[in-house]
Amino acid sequence: MTKMKNFFHPAIDRRGFLKGAAVAGLVGATMPLSSRIWAQSGKVLRVSSYADIDALDPGFYQNGYNVDVMNCIYSKLVRYVPGREWDWELEAAEEIEQVDPTHIHFKLKPGIMFTGGHGEMTAEDVKFSFERVISHDSPVKSDWGPLDHVEVTDKYSGVIVLKESFQPLWTITLPYGTGHIVSKKAVMEATEDGGNFGMEPPCFSGPYVLDEWVPNQHVKLVRNPDWKGEAPGFDEIRILPMDDTKVAERAYEAGDLDFTEITLSSLAGYRGNAPADTTIEEYPSLYYVWLGMNLDNQALGDINLRKAIQHAINVPQILGAAYFGEAAPSTGLIAPGLIGHREAPLTPIEGDLDKARELLEAAGGPPAEPLRLDALNATVWKTMAEVIQAQLGQIGIPVMVNLQDSGSFWTLGMESEGDRWKDAQLILNRFSMLPDPYYATSWFTTEQVGIWNWERFSNAEFDELHQQAVQETDRDKRAGMYVRMQDIMEETGAYKFLTHEGSPVMFRADMEPALRPDARPLFIGFKG
């Protein structure tokens, strides 16, 4: 039975919650989804997410869908500006200035309160929030790069001190996950050592609080009664996890959602036949999709076999089947328009079956047992996996497709979750991206092996370039470093880059969404 998790705040007492929970349980058992959602009082925004939340400590965050919620319940010094161009604006900071390559002065707005009686946000909380990412060896500590320390100069002011220049500071570090500020007092009380509080936030500081989380069903955010800033556009936000975007499309058509991503395969149909009172907008995507190969799996130990797989894959065929021609092939991790985008991959996008067969012969023939291809259990990934299976079959490599739900898939290559990584072979994967190439390459360093580097790729030149590129101020030199890093990855045979997809969305015509330039939602800016 699913356990309902609630996060109390001053506006909701325990008796009130227990009464609500009992009613919710009864309604949930007898009413369809649309009726359950419409039954809520107040102005409610209903949206889908491609996965359920699983990590709400910003110092140890995982994946963009968690950050979407963090943006609502915590505060940062700066945040992304909604619109078609990448930029940032002040949030918790009253002022902020980078006075030289390694020193950033900031001053907080007075009066930002933490819930639960944990007091006002101060520069000491900023220091604690940023330094704990490094001191506790967070798996996302690379977001803070060369952070040395934060110097507190008065109650609201301080200086972020870096060991060296760090180019992604303003595009990733401050406006994204690890830029969120938590209460030192509350976190120390909850964890004793200031470490990861996981899915149990001790308090909040944003326009919303996390009122309820029913795993794999919904996240419920409500207005923060202690919030003194600009009022958000909705009284409540309901986020419904849906692994398959086509399921989200049907939920929208049924009236259960107000905003959702839509699949590229559905886009053409929606263009001429959108649901009533609906706006459809198309955005470029920074996602990158690729087929990876576990270098530590014995079956894939021969580089000629891996390169045979690379050459057997015809990317346009895959994209035609999965995206109905609405997605373009990619040349690497980094999307067009970003520093380090490659003009072409090393392996032909359309593949080369003759070369593939030649490489397979050099490898001694196909593996003795079928290779396992792991993918998310959603329409687009199932289609792509089946096309890859057929393409590899053309050169005599048998493949078994293994579809998994999001909870199982997103821990597949993590050593912390056991020994499943040892059995991983071919992995159809997609990562989110931010507007700096550093965010793409950071997951493929040696340090990330067994965390997010599921191919278990390790290369000294790659690691060194990754560190050099974040300091390089010459745009052309920096771009060349990222091009070389993608070449190194592809030369191992462990990567076949597929697409950056696209990011079409649909929403109710009377709504004004707030979206990043890649269409990721910034919920606190949505207006009804």
# chains A, B, ... in the order shown; residues from 1 in each chain; ligands from 1

call {"tool": "residues_around", "arguments": {"residues": "stretch 456-472 of chain A", "least_positions_apart": "2", "cutoff": "6 Å", "atoms": "only C-alpha atoms", "output": "list in words"}}
result
Ser165, Phe166, Gln167, Leu295, Thr445, Thr446, Val449, Asn453, Trp454, Asp474, Arg478 and Met485 of chain A

call {"tool": "write_last_selection", "arguments": {"atoms": "N, CA and C atoms", "output": "PDB file, in the first residue's frame"}}
result
ATOM      1  N   SER A 165      39.000  30.758 -11.439  1.00  0.00           N
ATOM      2  CA  SER A 165      37.859  31.167 -12.246  1.00  0.00           C
ATOM      3  C   SER A 165      36.979  29.964 -12.590  1.00  0.00           C
ATOM      4  N   PHE A 166      35.664  30.202 -12.666  1.00  0.00           N
ATOM      5  CA  PHE A 166      34.718  29.117 -12.926  1.00  0.00           C
ATOM      6  C   PHE A 166      33.610  29.651 -13.823  1.00  0.00           C
ATOM      7  N   GLN A 167      33.675  29.343 -15.126  1.00  0.00           N
ATOM      8  CA  GLN A 167      32.758  29.920 -16.101  1.00  0.00           C
ATOM      9  C   GLN A 167      31.283  29.550 -15.890  1.00  0.00           C
ATOM     10  N   LEU A 295      31.546  -0.372 -20.309  1.00  0.00           N
ATOM     11  CA  LEU A 295      32.906  -0.792 -20.640  1.00  0.00           C
ATOM     12  C   LEU A 295      33.438  -1.877 -19.712  1.00  0.00           C
ATOM     13  N   THR A 445      33.100  12.110 -16.116  1.00  0.00           N
ATOM     14  CA  THR A 445      34.449  12.083 -15.568  1.00  0.00           C
ATOM     15  C   THR A 445      34.683  10.781 -14.812  1.00  0.00           C
ATOM     16  N   THR A 446      35.932  10.497 -14.518  1.00  0.00           N
ATOM     17  CA  THR A 446      36.273   9.297 -13.742  1.00  0.00           C
ATOM     18  C   THR A 446      35.593   9.325 -12.378  1.00  0.00           C
ATOM     19  N   VAL A 449      32.127   7.667 -12.250  1.00  0.00           N
ATOM     20  CA  VAL A 449      31.947   6.238 -12.511  1.00  0.00           C
ATOM     21  C   VAL A 449      31.197   5.599 -11.341  1.00  0.00           C
ATOM     22  N   ASN A 453      27.960   8.093 -14.392  1.00  0.00           N
ATOM     23  CA  ASN A 453      28.741   7.608 -15.530  1.00  0.00           C
ATOM     24  C   ASN A 453      28.550   6.095 -15.637  1.00  0.00           C
ATOM     25  N   TRP A 454      27.473   5.688 -16.295  1.00  0.00           N
ATOM     26  CA  TRP A 454      27.096   4.274 -16.336  1.00  0.00           C
ATOM     27  C   TRP A 454      27.887   3.487 -17.373  1.00  0.00           C
ATOM     28  N   ASP A 474      38.699  32.255 -23.152  1.00  0.00           N
ATOM     29  CA  ASP A 474      38.660  32.407 -24.596  1.00  0.00           C
ATOM     30  C   ASP A 474      37.614  31.455 -25.162  1.00  0.00           C
ATOM     31  N   ARG A 478      37.891  27.356 -25.558  1.00  0.00           N
ATOM     32  CA  ARG A 478      37.008  26.548 -24.715  1.00  0.00           C
ATOM     33  C   ARG A 478      36.160  25.614 -25.577  1.00  0.00           C
ATOM     34  N   MET A 485      36.698  16.579 -26.165  1.00  0.00           N
ATOM     35  CA  MET A 485      36.173  15.674 -25.147  1.00  0.00           C
ATOM     36  C   MET A 485      35.117  14.743 -25.722  1.00  0.00           C
TER      37      MET A 485
END

call {"tool": "residues_around", "arguments": {"residues": "stretch 505-515 of chain A", "least_positions_apart": "2", "cutoff": "10 Å", "atoms": "only C-alpha atoms", "output": "ChimeraX atom specification"}}
result
/A:45,47,80-84,233,249,252,255,257-264,267,270,274-283,502-503,517-528

call {"tool": "residues_around", "arguments": {"residues": "stretch 402-411 of chain A", "least_positions_apart": "3", "cutoff": "6 Å", "atoms": "only C-alpha atoms", "output": "MDAnalysis selection string"}}
result
chainID A and resid 373:377 414

call {"tool": "write_last_selection", "arguments": {"atoms": "N, CA and C atoms", "output": "compact mmCIF listing (two decimals), in the first residue's frame"}}
result
# COMPACT_ATOMS: atom_id res chain seq x y z
N LEU A 373 19.53 -4.68 -23.69
CA LEU A 373 19.37 -3.25 -23.92
C LEU A 373 18.34 -2.72 -22.93
N ASP A 374 18.79 -1.92 -21.97
CA ASP A 374 17.89 -1.36 -20.96
C ASP A 374 17.36 -0.01 -21.42
N ALA A 375 16.05 0.20 -21.19
CA ALA A 375 15.41 1.46 -21.57
C ALA A 375 14.22 1.70 -20.65
N LEU A 376 13.80 2.96 -20.59
CA LEU A 376 12.60 3.29 -19.84
C LEU A 376 11.37 2.69 -20.51
N ASN A 377 10.42 2.30 -19.71
CA ASN A 377 9.18 1.72 -20.23
C ASN A 377 8.20 2.84 -20.60
N MET A 414 24.13 2.80 -10.68
CA MET A 414 24.64 3.35 -9.43
C MET A 414 25.18 2.25 -8.51

call {"tool": "residues_around", "arguments": {"residues": "A:Ala308", "least_positions_apart": "6", "cutoff": "7 Å", "atoms": "only C-alpha atoms", "output": "ChimeraX atom specification"}}
result
/A:356-357,359-360

call {"tool": "write_last_selection", "arguments": {"atoms": "all heavy atoms", "output": "short mmCIF file (atom, residue, chain, number, x, y, z; two decimals), in the first residue's frame"}}
result
data_model
loop_
_atom_site.label_atom_id
_atom_site.label_comp_id
_atom_site.auth_asym_id
_atom_site.auth_seq_id
_atom_site.Cartn_x
_atom_site.Cartn_y
_atom_site.Cartn_z
N ALA A 356 30.45 -2.03 -40.27
CA ALA A 356 30.03 -2.71 -39.05
C ALA A 356 30.36 -4.20 -39.11
O ALA A 356 30.85 -4.78 -38.14
CB ALA A 356 28.53 -2.50 -38.82
N ARG A 357 30.08 -4.82 -40.25
CA ARG A 357 30.37 -6.26 -40.39
C ARG A 357 31.87 -6.51 -40.36
O ARG A 357 32.33 -7.52 -39.79
CB ARG A 357 29.76 -6.77 -41.69
CG ARG A 357 28.23 -6.76 -41.69
CD ARG A 357 27.65 -7.41 -42.93
NE ARG A 357 26.19 -7.40 -42.90
CZ ARG A 357 25.43 -6.54 -43.59
NH1 ARG A 357 26.02 -5.63 -44.38
NH2 ARG A 357 24.12 -6.59 -43.51
N LEU A 359 34.10 -4.73 -38.71
CA LEU A 359 34.52 -4.59 -37.31
C LEU A 359 34.08 -5.79 -36.48
O LEU A 359 34.81 -6.25 -35.59
CB LEU A 359 33.95 -3.29 -36.73
CG LEU A 359 34.59 -2.00 -37.25
CD1 LEU A 359 33.69 -0.79 -36.97
CD2 LEU A 359 35.96 -1.79 -36.57
N LEU A 360 32.89 -6.29 -36.75
CA LEU A 360 32.39 -7.45 -36.02
C LEU A 360 33.26 -8.67 -36.28
O LEU A 360 33.56 -9.46 -35.36
CB LEU A 360 30.94 -7.73 -36.39
CG LEU A 360 30.23 -8.84 -35.61
CD1 LEU A 360 30.19 -8.52 -34.12
CD2 LEU A 360 28.81 -9.06 -36.15
#

call {"tool": "atom_distance", "arguments": {"atom1": "atom CA of A:Arg132", "atom2": "atom CA of A:Gly59"}}
result
7.1 Å

call {"tool": "select_by_dssp", "arguments": {"residues": "stretch 111-303 of chain A", "states": "helix (DSSP H, G or I)", "output": "PyMOL selection string"}}
result
chain A and resi 123-135+141-144+167-169+177-179+184-191+245-253+264-272+298-300+303

call {"tool": "closest_residue", "arguments": {"among": "A:Ala322, A:Leu286, A:Glu501, A:Pro58", "to": "A:Pro139", "atoms": "only C-alpha atoms"}}
result
A:Pro58

call {"tool": "select_by_dssp", "arguments": {"residues": "stretch 219-422 of chain A", "states": "strand (DSSP E)", "output": "ChimeraX atom specification"}}
result
/A:219-223,236-241,259-261,278-281,288-293,371-376,399-404

call {"tool": "closest_residue", "arguments": {"among": "A:Ile303, A:Leu346, A:Ile172, A:Leu498", "to": "A:Tyr438", "atoms": "only C-alpha atoms"}}
result
A:Ile172

call {"tool": "closest_residue", "arguments": {"among": "A:Met433, A:Ala190, A:Met113, A:Leu428", "to": "A:Ile334", "atoms": "only C-alpha atoms"}}
result
A:Met433

call {"tool": "closest_residue", "arguments": {"among": "A:Thr102, A:Thr499, A:Ser75, A:Thr115", "to": "A:Gln317", "atoms": "only C-alpha atoms"}}
result
A:Thr499

call {"tool": "atom_distance", "arguments": {"atom1": "atom CA of A:Thr122", "atom2": "atom CA of A:Leu108"}}
result
7.1 Å

call {"tool": "residues_around", "arguments": {"residues": "A:Glu131", "least_positions_apart": "5", "cutoff": "8 Å", "atoms": "only C-alpha atoms", "output": "list in words"}}
result
Leu147, His149 and Val150 of chain A

call {"tool": "write_last_selection", "arguments": {"atoms": "N, CA and C atoms", "output": "PDB file, in the first residue's frame"}}
result
ATOM      1  N   LEU A 147      34.947  26.056  -5.492  1.00  0.00           N
ATOM      2  CA  LEU A 147      34.570  26.838  -4.309  1.00  0.00           C
ATOM      3  C   LEU A 147      35.579  26.622  -3.192  1.00  0.00           C
ATOM      4  N   HIS A 149      35.487  28.932  -0.074  1.00  0.00           N
ATOM      5  CA  HIS A 149      34.672  29.187   1.111  1.00  0.00           C
ATOM      6  C   HIS A 149      33.777  30.396   0.852  1.00  0.00           C
ATOM      7  N   VAL A 150      32.860  30.636   1.778  1.00  0.00           N
ATOM      8  CA  VAL A 150      32.037  31.836   1.755  1.00  0.00           C
ATOM      9  C   VAL A 150      32.365  32.636   3.010  1.00  0.00           C
TER      10      VAL A 150
END

call {"tool": "residues_around", "arguments": {"residues": "A:Thr173", "least_positions_apart": "2", "cutoff": "10 Å", "atoms": "only C-alpha atoms", "output": "ChimeraX atom specification"}}
result
/A:78,130,141-145,166-171,175-180,439
